[in-house]
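Chemist: Just passing along the structure, written as structure tokens.
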Amino acid sequence: MPFNSINSKSAVSTTSTPSHYGRLGADRVNLIVGFVLIIGLSLCLSCAENIEQPADARRVTTRTDLVGGPGALGELGDIVLENGEIKVIIQDKGFSRGFGVYGGGIIDADLVRPISPGNSDGANGRDSFGELFPVYFLQALNPQEIEVLPNSEEGAAQVRVAGPGGEFLSITKVLNRILLNSYDGVDGFESLGELLPILSGEEGIAALLGDAPRLNFEVLYSLMPGARHVEIQTSMINTDDSDIELPSDVANQLFSFPTFAGLAREPFQVPLGFVALFGAGNQVFAPGFGFDIRFALENRYQKAADFTPEGEASPLALPALPGLITPGLISVNPEGVSYGLFYLPEEIQDETGESAYPKSFAYNLPDIREGSESFGINVYELVFGDKVKPSDSLIPFSASSFTGMFSAGTPSIIKPNERFTMRHAFFV
């Protein structure tokens, strides 16, 4: 009987086992399927969050398109350039709302923030930037055209600004014109004798300054999807039907005058770059010199003055101005956004197959004093001990919120319709 009972229990147990484990297996399968679905959904959401938003450039038609913050200057009609990471405002034509003279420059820059874009009163944000505009020696771009271009094949949003030169420092107008040869009237003088009667006339050198531009300036702002920087291509184009020599005949004749002997280099490279106004609250940092740019510059100018004995020619002849040699400028603001501006040098292969950087300004300034033991040594290495790299720029001045950066040097001749271009990156 016990045996039979055990057998019957065993039989019952045996017949019920498949049903029990079948339910358990089904529950496990459902649990695994649910777990996989949750993981898959999470991965899909994660992928969706990581998908790069396309870059876009457009006219500002509502104030919610603008950048907010204590330094915000943007208005309706300006250009917004954004890509889901950063948002930049380029001012429309007209006079600058910042500390510069003309529009066409970057006046606001901020991160794209994961909050509402703003309301009818304006945009949210932490913009503390002042202004950034290109300079061709000490001449700025006076924009006559500002247009949004179609996105490039790589997806970059693009904005083009173009126009003739204009002075942002009126006292340098004459110097700008004769060095850049950007307007008519300062060429065609083969000797100082031809020039002196005009210079001694009632109007003086102002009689040479024509109104017809020979050079057109152009800036192309490009923003790639997912990028945290705007690439800025700055060009000067010969719109004349003849070669443009840099500097002009007037400048060459004046530099040959005994009073100005040794003042300028031969050949003469006109420096091009940017003026940056980083805005109140931003601490500007130059790699290699730290935050103390003003006193570092004062030290450099004093060291340059002490380097050459009185009566001897200085290796720092124009346009090799004293200044700081640094790879870029960076601003830090604990309450806002940090910014950076860096030169992007153009590398080519020379006749021997070696890398060359003909456009890099400070990199291509050797000592050219005949008979000097230091002939051929870079003047900034000679005077200040700097090891100049192709990507380095010269910071020649920083005053009244303006910080100048010279990065590229022009060729001595620009042919008709020829374009000379330099590239920078502006980081946000």
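Starting from 1 in every chain, residues are counted up; chains themselves are A, B, ... following the order of the structure tokens, and ligands are numbered from 1 as listed.
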As an NGL selection string, please: the residues near Phe402 (chain A) (cut-off 8 Å, only C-alpha atoms, same-chain neighbours under 2 positions excluded).
Modeler: :A and (275-277 or 397-400 or 404)
Chemist: Region 102-279 of chain A: which residues are helix (DSSP H, G or I) by DSSP, as a ChimeraX atom specification?
Modeler: /A:170-180,192-199,204-208,249-255,258-260
Chemist: Residues as selected, N, CA and C atoms, written as a compact mmCIF listing (two decimals), in the first residue's frame, can you do that?
Modeler:
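result.txt was written with the following content:
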# COMPACT_ATOMS: atom_id res chain seq x y z
N SER A 170 39.93 106.03 -37.98
CA SER A 170 40.01 107.04 -39.03
C SER A 170 41.42 107.62 -39.17
N ILE A 171 42.18 107.66 -38.08
CA ILE A 171 43.52 108.26 -38.15
C ILE A 171 44.49 107.42 -38.96
N THR A 172 44.11 106.17 -39.25
CA THR A 172 45.01 105.30 -40.03
C THR A 172 44.59 105.22 -41.50
N LYS A 173 43.67 106.07 -41.93
CA LYS A 173 43.15 105.98 -43.29
C LYS A 173 44.25 106.07 -44.34
N VAL A 174 45.11 107.07 -44.24
CA VAL A 174 46.17 107.25 -45.23
C VAL A 174 47.11 106.05 -45.24
N LEU A 175 47.52 105.61 -44.06
CA LEU A 175 48.43 104.47 -43.97
C LEU A 175 47.80 103.22 -44.56
N ASN A 176 46.52 102.99 -44.26
CA ASN A 176 45.81 101.83 -44.81
C ASN A 176 45.80 101.85 -46.34
N ARG A 177 45.45 103.00 -46.90
CA ARG A 177 45.30 103.10 -48.35
C ARG A 177 46.63 102.87 -49.07
N ILE A 178 47.72 103.44 -48.55
CA ILE A 178 48.98 103.31 -49.28
C ILE A 178 49.63 101.94 -49.07
N LEU A 179 49.30 101.27 -47.97
CA LEU A 179 49.86 99.94 -47.76
C LEU A 179 49.04 98.87 -48.48
N LEU A 180 47.72 98.93 -48.33
CA LEU A 180 46.85 97.92 -48.94
C LEU A 180 46.60 98.14 -50.42
N LEU A 192 60.53 109.13 -56.48
CA LEU A 192 60.13 110.07 -55.44
C LEU A 192 59.94 111.47 -56.00
N GLY A 193 60.67 111.78 -57.09
CA GLY A 193 60.53 113.08 -57.73
C GLY A 193 59.14 113.30 -58.28
N GLU A 194 58.49 112.24 -58.77
CA GLU A 194 57.12 112.36 -59.28
C GLU A 194 56.13 112.58 -58.14
N LEU A 195 56.47 112.08 -56.99
CA LEU A 195 55.54 112.11 -55.86
C LEU A 195 55.63 113.40 -55.05
N LEU A 196 56.82 113.97 -54.93
CA LEU A 196 57.02 115.13 -54.05
C LEU A 196 56.15 116.34 -54.38
N PRO A 197 55.96 116.70 -55.67
CA PRO A 197 55.10 117.87 -55.95
C PRO A 197 53.68 117.70 -55.42
N ILE A 198 53.18 116.48 -55.44
CA ILE A 198 51.83 116.24 -54.92
C ILE A 198 51.83 116.34 -53.40
N LEU A 199 52.83 115.74 -52.78
CA LEU A 199 52.90 115.75 -51.32
C LEU A 199 53.06 117.16 -50.76
N GLY A 204 48.20 117.79 -49.80
CA GLY A 204 49.16 116.82 -49.33
C GLY A 204 48.86 115.43 -49.86
N ILE A 205 49.15 114.43 -49.07
CA ILE A 205 48.97 113.05 -49.50
C ILE A 205 47.50 112.70 -49.70
N ALA A 206 46.60 113.47 -49.09
CA ALA A 206 45.17 113.21 -49.25
C ALA A 206 44.73 113.35 -50.71
N ALA A 207 45.50 114.10 -51.50
CA ALA A 207 45.17 114.27 -52.92
C ALA A 207 45.30 112.97 -53.69
N LEU A 208 46.01 112.00 -53.12
CA LEU A 208 46.23 110.73 -53.80
C LEU A 208 45.13 109.71 -53.53
N ASP A 249 52.86 101.92 -54.89
CA ASP A 249 54.03 102.69 -55.33
C ASP A 249 54.32 103.86 -54.39
N VAL A 250 53.27 104.50 -53.89
CA VAL A 250 53.47 105.62 -52.97
C VAL A 250 54.21 105.15 -51.72
N ALA A 251 53.78 104.01 -51.16
CA ALA A 251 54.44 103.49 -49.97
C ALA A 251 55.90 103.14 -50.26
N ASN A 252 56.15 102.50 -51.39
CA ASN A 252 57.52 102.11 -51.73
C ASN A 252 58.42 103.33 -51.89
N GLN A 253 57.91 104.39 -52.51
CA GLN A 253 58.71 105.60 -52.68
C GLN A 253 58.97 106.30 -51.34
N LEU A 254 57.96 106.30 -50.48
CA LEU A 254 58.16 106.92 -49.17
C LEU A 254 59.16 106.12 -48.34
N PHE A 255 59.10 104.79 -48.42
CA PHE A 255 60.03 103.96 -47.66
C PHE A 255 61.47 104.11 -48.17
N PRO A 258 65.32 108.80 -47.36
CA PRO A 258 66.33 108.59 -46.31
C PRO A 258 65.79 108.67 -44.89
N THR A 259 64.81 109.55 -44.68
CA THR A 259 64.25 109.69 -43.33
C THR A 259 63.63 108.39 -42.85
N PHE A 260 63.09 107.60 -43.79
CA PHE A 260 62.38 106.37 -43.42
C PHE A 260 63.21 105.12 -43.69
Chemist: Counting only C-alpha atoms, which of A:Val80, A:Ala317, A:Ala408, A:Ala425 gets nearest to Arg58 (chain A)?
Modeler: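 Comparing A:Val80, A:Ala317, A:Ala408, A:Ala425 against Arg58 (chain A), the winner is A:Val80.
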Chemist: Wanna dump the region 162-275 of chain A-region 135-152 of chain A contacts at 12 Å for me, each residue with its shortest atom pair and the distance in Å to one decimal, counting only C-alpha atoms, ordered by chain and number, as JSON lines?
Modeler:
{"residue": "A:Ala162", "atom": "CA", "partner": "A:Glu145", "partner_atom": "CA", "distance": 5.2}
{"residue": "A:Gly163", "atom": "CA", "partner": "A:Pro143", "partner_atom": "CA", "distance": 4.4}
{"residue": "A:Pro164", "atom": "CA", "partner": "A:Asn142", "partner_atom": "CA", "distance": 5.7}
{"residue": "A:Gly165", "atom": "CA", "partner": "A:Leu141", "partner_atom": "CA", "distance": 4.8}
{"residue": "A:Gly166", "atom": "CA", "partner": "A:Ala140", "partner_atom": "CA", "distance": 5.2}
{"residue": "A:Glu167", "atom": "CA", "partner": "A:Gln139", "partner_atom": "CA", "distance": 4.9}
{"residue": "A:Phe168", "atom": "CA", "partner": "A:Ala140", "partner_atom": "CA", "distance": 6.0}
{"residue": "A:Leu169", "atom": "CA", "partner": "A:Leu138", "partner_atom": "CA", "distance": 7.2}
{"residue": "A:Ser170", "atom": "CA", "partner": "A:Gln139", "partner_atom": "CA", "distance": 9.4}
{"residue": "A:Ile171", "atom": "CA", "partner": "A:Leu138", "partner_atom": "CA", "distance": 10.1}
{"residue": "A:Thr172", "atom": "CA", "partner": "A:Leu138", "partner_atom": "CA", "distance": 7.0}
{"residue": "A:Lys173", "atom": "CA", "partner": "A:Gln139", "partner_atom": "CA", "distance": 7.8}
{"residue": "A:Val174", "atom": "CA", "partner": "A:Gln139", "partner_atom": "CA", "distance": 10.5}
{"residue": "A:Leu175", "atom": "CA", "partner": "A:Leu138", "partner_atom": "CA", "distance": 8.5}
{"residue": "A:Asn176", "atom": "CA", "partner": "A:Gln139", "partner_atom": "CA", "distance": 6.2}
{"residue": "A:Arg177", "atom": "CA", "partner": "A:Gln139", "partner_atom": "CA", "distance": 8.5}
{"residue": "A:Ile178", "atom": "CA", "partner": "A:Phe137", "partner_atom": "CA", "distance": 11.2}
{"residue": "A:Leu179", "atom": "CA", "partner": "A:Phe137", "partner_atom": "CA", "distance": 8.4}
{"residue": "A:Leu180", "atom": "CA", "partner": "A:Phe137", "partner_atom": "CA", "distance": 7.7}
{"residue": "A:Asn181", "atom": "CA", "partner": "A:Tyr136", "partner_atom": "CA", "distance": 11.1}
{"residue": "A:Ser182", "atom": "CA", "partner": "A:Gln139", "partner_atom": "CA", "distance": 9.5}
{"residue": "A:Tyr183", "atom": "CA", "partner": "A:Gln139", "partner_atom": "CA", "distance": 11.7}
{"residue": "A:Pro213", "atom": "CA", "partner": "A:Asn142", "partner_atom": "CA", "distance": 11.6}
{"residue": "A:Leu215", "atom": "CA", "partner": "A:Leu141", "partner_atom": "CA", "distance": 10.7}
{"residue": "A:Asn216", "atom": "CA", "partner": "A:Leu141", "partner_atom": "CA", "distance": 8.6}
{"residue": "A:Phe217", "atom": "CA", "partner": "A:Leu141", "partner_atom": "CA", "distance": 6.2}
{"residue": "A:Glu218", "atom": "CA", "partner": "A:Leu141", "partner_atom": "CA", "distance": 7.8}
{"residue": "A:Val219", "atom": "CA", "partner": "A:Leu141", "partner_atom": "CA", "distance": 8.8}
{"residue": "A:Leu220", "atom": "CA", "partner": "A:Leu149", "partner_atom": "CA", "distance": 9.5}
{"residue": "A:Tyr221", "atom": "CA", "partner": "A:Val148", "partner_atom": "CA", "distance": 9.7}
{"residue": "A:Ser222", "atom": "CA", "partner": "A:Ser152", "partner_atom": "CA", "distance": 8.9}
{"residue": "A:Leu223", "atom": "CA", "partner": "A:Asn151", "partner_atom": "CA", "distance": 9.3}
{"residue": "A:Met224", "atom": "CA", "partner": "A:Ser152", "partner_atom": "CA", "distance": 9.1}
{"residue": "A:Pro225", "atom": "CA", "partner": "A:Asn151", "partner_atom": "CA", "distance": 10.6}
{"residue": "A:Thr234", "atom": "CA", "partner": "A:Val135", "partner_atom": "CA", "distance": 9.2}
{"residue": "A:Ser235", "atom": "CA", "partner": "A:Tyr136", "partner_atom": "CA", "distance": 9.5}
{"residue": "A:Met236", "atom": "CA", "partner": "A:Tyr136", "partner_atom": "CA", "distance": 8.5}
{"residue": "A:Ile237", "atom": "CA", "partner": "A:Tyr136", "partner_atom": "CA", "distance": 11.9}
{"residue": "A:Leu246", "atom": "CA", "partner": "A:Phe137", "partner_atom": "CA", "distance": 11.6}
{"residue": "A:Pro247", "atom": "CA", "partner": "A:Phe137", "partner_atom": "CA", "distance": 11.3}
{"residue": "A:Gln269", "atom": "CA", "partner": "A:Phe137", "partner_atom": "CA", "distance": 9.9}
{"residue": "A:Val270", "atom": "CA", "partner": "A:Phe137", "partner_atom": "CA", "distance": 6.3}
{"residue": "A:Pro271", "atom": "CA", "partner": "A:Phe137", "partner_atom": "CA", "distance": 5.2}
{"residue": "A:Leu272", "atom": "CA", "partner": "A:Tyr136", "partner_atom": "CA", "distance": 4.6}
{"residue": "A:Gly273", "atom": "CA", "partner": "A:Val135", "partner_atom": "CA", "distance": 5.4}
{"residue": "A:Phe274", "atom": "CA", "partner": "A:Val135", "partner_atom": "CA", "distance": 5.2}
{"residue": "A:Val275", "atom": "CA", "partner": "A:Val135", "partner_atom": "CA", "distance": 6.6}
Chemist: Would you mind exporting C-alpha atoms of the selected residues as a PDB file, in the first residue's frame?
Modeler:
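Just written: selection-v3.pdb:
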ATOM      1  CA  ALA A 162      31.195  91.166 -48.922  1.00  0.00           C
ATOM      2  CA  GLY A 163      32.145  94.784 -49.505  1.00  0.00           C
ATOM      3  CA  PRO A 164      35.032  97.243 -49.934  1.00  0.00           C
ATOM      4  CA  GLY A 165      37.415  98.350 -47.215  1.00  0.00           C
ATOM      5  CA  GLY A 166      36.545 100.948 -44.619  1.00  0.00           C
ATOM      6  CA  GLU A 167      38.506 102.475 -41.752  1.00  0.00           C
ATOM      7  CA  PHE A 168      37.657 101.432 -38.211  1.00  0.00           C
ATOM      8  CA  LEU A 169      40.361 103.834 -37.007  1.00  0.00           C
ATOM      9  CA  SER A 170      40.015 107.044 -39.035  1.00  0.00           C
ATOM     10  CA  ILE A 171      43.517 108.262 -38.146  1.00  0.00           C
ATOM     11  CA  THR A 172      45.012 105.305 -40.030  1.00  0.00           C
ATOM     12  CA  LYS A 173      43.148 105.980 -43.292  1.00  0.00           C
ATOM     13  CA  VAL A 174      46.172 107.253 -45.232  1.00  0.00           C
ATOM     14  CA  LEU A 175      48.429 104.466 -43.972  1.00  0.00           C
ATOM     15  CA  ASN A 176      45.813 101.825 -44.815  1.00  0.00           C
ATOM     16  CA  ARG A 177      45.301 103.103 -48.351  1.00  0.00           C
ATOM     17  CA  ILE A 178      48.979 103.314 -49.282  1.00  0.00           C
ATOM     18  CA  LEU A 179      49.858  99.936 -47.760  1.00  0.00           C
ATOM     19  CA  LEU A 180      46.852  97.917 -48.936  1.00  0.00           C
ATOM     20  CA  ASN A 181      46.528  99.692 -52.285  1.00  0.00           C
ATOM     21  CA  SER A 182      42.818  99.012 -51.880  1.00  0.00           C
ATOM     22  CA  TYR A 183      41.667 102.202 -53.653  1.00  0.00           C
ATOM     23  CA  PRO A 213      37.944 100.464 -54.720  1.00  0.00           C
ATOM     24  CA  LEU A 215      40.065  95.323 -53.704  1.00  0.00           C
ATOM     25  CA  ASN A 216      36.885  93.687 -52.494  1.00  0.00           C
ATOM     26  CA  PHE A 217      36.791  91.929 -49.141  1.00  0.00           C
ATOM     27  CA  GLU A 218      34.731  88.845 -48.378  1.00  0.00           C
ATOM     28  CA  VAL A 219      33.982  86.690 -45.328  1.00  0.00           C
ATOM     29  CA  LEU A 220      32.444  83.212 -45.460  1.00  0.00           C
ATOM     30  CA  TYR A 221      31.071  81.883 -42.163  1.00  0.00           C
ATOM     31  CA  SER A 222      30.592  78.078 -42.152  1.00  0.00           C
ATOM     32  CA  LEU A 223      29.068  75.881 -39.443  1.00  0.00           C
ATOM     33  CA  MET A 224      29.101  72.080 -39.744  1.00  0.00           C
ATOM     34  CA  PRO A 225      26.505  69.824 -38.051  1.00  0.00           C
ATOM     35  CA  THR A 234      38.399  85.789 -45.040  1.00  0.00           C
ATOM     36  CA  SER A 235      39.393  86.827 -48.560  1.00  0.00           C
ATOM     37  CA  MET A 236      40.643  89.845 -50.465  1.00  0.00           C
ATOM     38  CA  ILE A 237      39.889  89.852 -54.205  1.00  0.00           C
ATOM     39  CA  LEU A 246      51.395  95.441 -51.992  1.00  0.00           C
ATOM     40  CA  PRO A 247      52.329  97.939 -50.763  1.00  0.00           C
ATOM     41  CA  GLN A 269      53.773  91.428 -46.344  1.00  0.00           C
ATOM     42  CA  VAL A 270      50.578  93.227 -45.338  1.00  0.00           C
ATOM     43  CA  PRO A 271      49.233  91.477 -42.204  1.00  0.00           C
ATOM     44  CA  LEU A 272      45.624  90.301 -42.064  1.00  0.00           C
ATOM     45  CA  GLY A 273      43.632  89.006 -39.119  1.00  0.00           C
ATOM     46  CA  PHE A 274      40.882  89.916 -36.675  1.00  0.00           C
ATOM     47  CA  VAL A 275      39.911  92.363 -34.002  1.00  0.00           C
TER      48      VAL A 275
END
Chemist: Figure out the distance between CA of Ser355 (chain A) and CA of Gly323 (chain A), please, to one decimal in Å.
Modeler: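 That distance, rounded to one decimal, is 26.1 Å.
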Chemist: Could you tell me how far CA of Ser248 (chain A) sits from CA of Glu202 (chain A), in Å to one decimal place?
Modeler: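 Between CA of Glu202 (chain A) and CA of Ser248 (chain A) the gap works out to 21.9 Å.
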Chemist: Which value, in Å to one decimal, gives the distance between CA of Asn238 (chain A) and CA of Pro396 (chain A)?
Modeler: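 Between CA of Asn238 (chain A) and CA of Pro396 (chain A) the gap is 27.0 Å.
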